[in-house]
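As structure tokens, the structure follows; a few thoughts come after it.
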Amino acid sequence: MSAGFQLGVIGSLALSVASSVAIVICNKALISTLGFPFATTLTSWHLMVTFCTLHVAQRLHFFEPKAIDGQTVILFGLLNGTSIGLLNLSLGFNSIGFYQMTKLAIIPFTVLLETIFLKKRFSESIKLSLLVLLLGVGIASVTDLKLNLLGSILSGLAIATTCVGQILTNTIQKRLKVSSTQLLYQSAPYQAAILFATGPFVDQFLTNRSVFAHKYSAPVLGFIVLSCLIAVSVNFSTFLVIGTTSPVTYQVLGHLKTCLVLSFGYTLLHDPFTLRNILGILIAIFGMALYSYFSVRESKKKSTNDALPVSQMPDKEAEPLLATKDSNDTKKANGLSHDC
């Protein structure tokens, strides 16, 4: 793994964290303070502004578009758009605690899907670090766990579509040799379209208010524009992180964002903060540190093995390496990145 590639990964992770925390703070002000609760419709605007920005960048030759099979990109865009809508519905039909559990469940389900369908192997060390991380985030963010049938079904669908969408984001980039920018440019219109069509109805169902009847004051419009501009960075960095690392790593990063948002909420917005929050965040950070350490160690080990002729490798490692070579080539860069 080259130093330039490592710097690129670090840069994409930093951009993802910074932009995601910024947009959460912006949207919190927009929704909580200014009373604009139409999250699904707002997301459709985010995606359309992202597409328009990338279109201008492409016209200015900042990147070259690459044709992707129409059916693939349409299904991919619709799947990602659907996952966003389902996550919002899950939040609407479940308690906050159950919604947080839904987000936590994305990591183990992603690991399960990659293990079954992509034959990817996760060491016991990685699994342990993910368990510590999930325990910490759960302690910090999960409060009540009220269950209902419809909410549980929506959460299950949200988990499934999110996991598959994130795995496809990495797989498409690797197998079709397209960049994160090219894939986002091709798929953003379809993600925006499904949310444009369904967002107002989902939001009205959840809030009993119409986005079309809302009074758009100057501060509301200002924060909407700011939110859309930050979203360009969020969407770009999401695809970039997934493409250069793995869906699991992206979800780990997402839980780091959760801890940062909790901390910023307490520091800047004076949200309630308890000893339980502090303990959970510390455990989660420890889990993230373990995950990072084991991921880097295993990445270096794989790089060393790849540099050796097969005849020089231990017999017990040679056969699994050959058996999973295509799968590892598809997801290298730490595996398959990506989280809410």
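Labels used: A, B, ... for chains in the order of the structure tokens, numbers from 1 for residues in each chain, and numbers from 1 for ligands as shown.
The neighbours of A:Ala39 here are the residues that come within 9 Å of it, using only C-alpha atoms and leaving out any residue fewer than 6 positions away in the same chain; they are Asn27, Ile31, Asn88, Gly199 and Asp203 of chain A.
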Residues from the last selection, N, CA and C atoms, saved as a PDB file, in the first residue's frame:
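Below you can see result.pdb, which holds the result:
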```pdb
ATOM      1  N   ASN A  27     -28.383  20.709  10.275  1.00  0.00           N
ATOM      2  CA  ASN A  27     -29.745  20.189  10.184  1.00  0.00           C
ATOM      3  C   ASN A  27     -30.457  20.223  11.525  1.00  0.00           C
ATOM      4  N   ILE A  31     -33.999  21.864  11.756  1.00  0.00           N
ATOM      5  CA  ILE A  31     -35.178  21.088  12.150  1.00  0.00           C
ATOM      6  C   ILE A  31     -35.684  21.482  13.536  1.00  0.00           C
ATOM      7  N   ASN A  88     -35.710   6.854   7.490  1.00  0.00           N
ATOM      8  CA  ASN A  88     -36.544   7.915   8.042  1.00  0.00           C
ATOM      9  C   ASN A  88     -37.861   7.364   8.574  1.00  0.00           C
ATOM     10  N   GLY A 199     -40.693  11.709  -0.943  1.00  0.00           N
ATOM     11  CA  GLY A 199     -40.320  12.493   0.233  1.00  0.00           C
ATOM     12  C   GLY A 199     -41.448  13.311   0.836  1.00  0.00           C
ATOM     13  N   ASP A 203     -42.776  12.626   4.585  1.00  0.00           N
ATOM     14  CA  ASP A 203     -42.656  13.682   5.596  1.00  0.00           C
ATOM     15  C   ASP A 203     -44.017  14.096   6.141  1.00  0.00           C
TER      16      ASP A 203
END
```
Find the residues near A:Cys26: any atom within 8 Å, counting only C-alpha atoms, skip ones fewer than 2 places away on the same chain, and give them as a PyMOL selection string. chain A and resi 22-24+28-30+223+226-227
File of the preceding selection, N, CA, C and O atoms, as a compact mmCIF listing (two decimals), in the first residue's frame:
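Full text of selection18.txt as output:
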```
# COMPACT_ATOMS: atom_id res chain seq x y z
N ALA A 22 -20.67 18.53 10.53
CA ALA A 22 -21.15 19.86 10.17
C ALA A 22 -22.61 19.82 9.72
O ALA A 22 -23.41 20.68 10.11
N ILE A 23 -22.97 18.81 8.92
CA ILE A 23 -24.34 18.78 8.41
C ILE A 23 -25.33 18.38 9.51
O ILE A 23 -26.48 18.83 9.50
N VAL A 24 -24.89 17.56 10.45
CA VAL A 24 -25.77 17.22 11.58
C VAL A 24 -26.08 18.47 12.40
O VAL A 24 -27.24 18.71 12.78
N LYS A 28 -29.70 20.07 12.61
CA LYS A 28 -30.31 20.17 13.94
C LYS A 28 -30.88 21.56 14.15
O LYS A 28 -31.98 21.73 14.66
N ALA A 29 -30.12 22.57 13.73
CA ALA A 29 -30.61 23.95 13.83
C ALA A 29 -31.82 24.16 12.92
O ALA A 29 -32.80 24.80 13.31
N LEU A 30 -31.76 23.59 11.71
CA LEU A 30 -32.85 23.75 10.76
C LEU A 30 -34.13 23.07 11.24
O LEU A 30 -35.23 23.65 11.16
N PHE A 223 -30.41 28.28 5.82
CA PHE A 223 -29.91 27.01 6.36
C PHE A 223 -30.14 25.86 5.38
O PHE A 223 -29.35 24.91 5.35
N LEU A 226 -27.28 26.16 2.97
CA LEU A 226 -26.06 25.73 3.63
C LEU A 226 -26.03 24.22 3.78
O LEU A 226 -25.00 23.57 3.53
N SER A 227 -27.16 23.63 4.15
CA SER A 227 -27.25 22.19 4.32
C SER A 227 -26.98 21.48 2.99
O SER A 227 -26.26 20.47 2.94
```
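For the atom pair formed by atom CA of A:Asn80 and atom CA of A:Gln191, the distance is 6.3 Å, given to one decimal.
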Any chance you could tabulate, as CSV, the residues of stretch 221-258 of chain A at most 10 Å from stretch 281-289 of chain A with each one's nearest atom pair and distance in Å to one decimal, using only C-alpha atoms, in chain and rising number order?
```
residue,atom,partner,partner_atom,distance
A:Thr249,CA,A:Met288,CA,9.6
A:Val252,CA,A:Met288,CA,6.9
A:Leu253,CA,A:Met288,CA,8.3
A:His255,CA,A:Ala284,CA,8.0
A:Leu256,CA,A:Ile285,CA,7.3
A:Thr258,CA,A:Ile281,CA,9.0
```
List every residue of stretch 41-276 of chain A that DSSP, applied to the backbone of this structure, assigns to helix (DSSP H, G or I), and report them as number ranges by chain. A: 41-59, 70-93, 96-117, 124-141, 149-175, 180-207, 218-244, 247-268, 275-276
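Restricting the calculation to only C-alpha atoms, the smallest distance between A:Gln186 and any of A:Val142, A:Val225, A:Leu42, A:Leu54 is found for A:Leu54.
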Atom CA of A:Arg59 to atom CA of A:Thr181, distance in Å rounded to a single decimal: 13.5 Å
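We find atom CA of A:Leu229 and atom CA of A:Tyr190 to be spaced 19.2 Å apart.
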Compile the contact shell of A:Leu147 as a PyMOL selection string: residues with an atom at most 12 Å away, counting only C-alpha atoms, same-chain residues fewer than 4 positions apart removed. chain A and resi 90+93-99+101-102+151-155
Requested write-out: N, CA and C atoms of the selected residues, as a JSON list (two decimals), in the first residue's frame:
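Resulting contents of out_35.json:
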```json
[["chain", "number", "residue", "atom", "x", "y", "z"],
["A", 90, "SER", "N", -38.30, 4.33, 9.65],
["A", 90, "SER", "CA", -37.95, 3.58, 10.85],
["A", 90, "SER", "C", -37.88, 4.50, 12.06],
["A", 93, "PHE", "N", -41.50, 5.45, 13.09],
["A", 93, "PHE", "CA", -42.36, 4.42, 13.67],
["A", 93, "PHE", "C", -41.76, 3.74, 14.89],
["A", 94, "ASN", "N", -40.53, 4.08, 15.24],
["A", 94, "ASN", "CA", -39.87, 3.45, 16.39],
["A", 94, "ASN", "C", -39.41, 4.51, 17.39],
["A", 95, "SER", "N", -39.10, 4.04, 18.58],
["A", 95, "SER", "CA", -38.50, 4.93, 19.56],
["A", 95, "SER", "C", -37.08, 5.27, 19.13],
["A", 96, "ILE", "N", -36.52, 6.33, 19.70],
["A", 96, "ILE", "CA", -35.15, 6.72, 19.37],
["A", 96, "ILE", "C", -34.18, 5.58, 19.69],
["A", 97, "GLY", "N", -34.41, 4.92, 20.82],
["A", 97, "GLY", "CA", -33.53, 3.83, 21.22],
["A", 97, "GLY", "C", -33.53, 2.68, 20.21],
["A", 98, "PHE", "N", -34.72, 2.31, 19.72],
["A", 98, "PHE", "CA", -34.81, 1.22, 18.76],
["A", 98, "PHE", "C", -34.19, 1.64, 17.43],
["A", 99, "TYR", "N", -34.35, 2.90, 17.06],
["A", 99, "TYR", "CA", -33.73, 3.41, 15.83],
["A", 99, "TYR", "C", -32.21, 3.35, 15.92],
["A", 101, "MET", "N", -30.57, 1.22, 17.70],
["A", 101, "MET", "CA", -30.24, -0.20, 17.58],
["A", 101, "MET", "C", -30.26, -0.64, 16.12],
["A", 102, "THR", "N", -31.18, -0.07, 15.35],
["A", 102, "THR", "CA", -31.23, -0.37, 13.92],
["A", 102, "THR", "C", -29.92, 0.01, 13.24],
["A", 151, "GLY", "N", -42.89, -1.04, 12.93],
["A", 151, "GLY", "CA", -41.58, -0.41, 13.09],
["A", 151, "GLY", "C", -40.44, -1.40, 12.93],
["A", 152, "SER", "N", -40.64, -2.62, 13.45],
["A", 152, "SER", "CA", -39.61, -3.65, 13.33],
["A", 152, "SER", "C", -39.42, -4.08, 11.88],
["A", 153, "ILE", "N", -40.52, -4.20, 11.13],
["A", 153, "ILE", "CA", -40.44, -4.56, 9.71],
["A", 153, "ILE", "C", -39.70, -3.48, 8.93],
["A", 154, "LEU", "N", -40.05, -2.22, 9.19],
["A", 154, "LEU", "CA", -39.38, -1.11, 8.50],
["A", 154, "LEU", "C", -37.89, -1.07, 8.84],
["A", 155, "SER", "N", -37.55, -1.34, 10.09],
["A", 155, "SER", "CA", -36.14, -1.36, 10.49],
["A", 155, "SER", "C", -35.39, -2.48, 9.78]]
```
Please determine, counting only C-alpha atoms, which residue among A:Val73, A:Cys259, A:Val49, A:Cys163 has the shortest atom-to-atom distance to A:Ser187. A:Val73
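The nearest approach to A:Glu64 among the residues A:Ala218, A:Phe205, A:Leu130, A:Gln182, with only C-alpha atoms taken into account, belongs to A:Gln182.
Minimum atom-to-atom distances from A:Leu184, A:Leu86, A:Val178, A:Leu206 to A:Thr238 were compared using only C-alpha atoms, and the lowest value belongs to A:Leu184.
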Contact residues around stretch 6-10 of chain A with only C-alpha atoms at 12 Å, ignoring same-chain residues under 4 positions, as a list in words: Met1, Ser2, Ala14, Leu15, Ser16, Val17, Ser237, Thr238, Phe239, Leu240, Val241, Ile242, Gly243, Thr244, Thr245, Ser246, Thr249, Tyr250, Leu253, Ser292, Val296, Ser299, Lys300, Ala333, Asn334 and Ser337 of chain A
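Across A:Asn277, A:Thr50, A:Gln71, A:Thr41, the tightest approach to A:Val202 is made by A:Thr41 when counting only C-alpha atoms.
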Near A:Ile84, within 9 Å and counting only C-alpha atoms, which residues show up once chain neighbours fewer than 4 positions away are dropped, as a PyMOL selection string? chain A and resi 40+43+79-80+88-89+158+161-162+195
Tell me, as a PyMOL selection string, which residues lie within 8 Å of A:Val21, counting only C-alpha atoms; anything in the same chain fewer than 4 positions away does not count. chain A and resi 17+25+257+260-261
Go ahead and save the picked residues with C-alpha atoms, as a PDB file, in the first residue's frame.
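What ended up in selection.pdb:
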```
ATOM      1  CA  VAL A  17     -16.129  13.066   9.560  1.00  0.00           C
ATOM      2  CA  ILE A  25     -25.261  20.489  13.455  1.00  0.00           C
ATOM      3  CA  LYS A 257     -19.496  10.636  14.004  1.00  0.00           C
ATOM      4  CA  LEU A 260     -18.605  13.417  18.010  1.00  0.00           C
ATOM      5  CA  VAL A 261     -22.156  14.665  17.491  1.00  0.00           C
TER       6      VAL A 261
END
```
Counting only C-alpha atoms, the residue of A:Ser19, A:Ser125, A:Thr110, A:Asn148 that sits nearest A:Ser295: A:Ser125
Please list as a PyMOL selection string every residue within 10 Å of A:Lys215, counting only C-alpha atoms and excluding residues in the same chain fewer than 5 positions away. chain A and resi 35-36+220-221
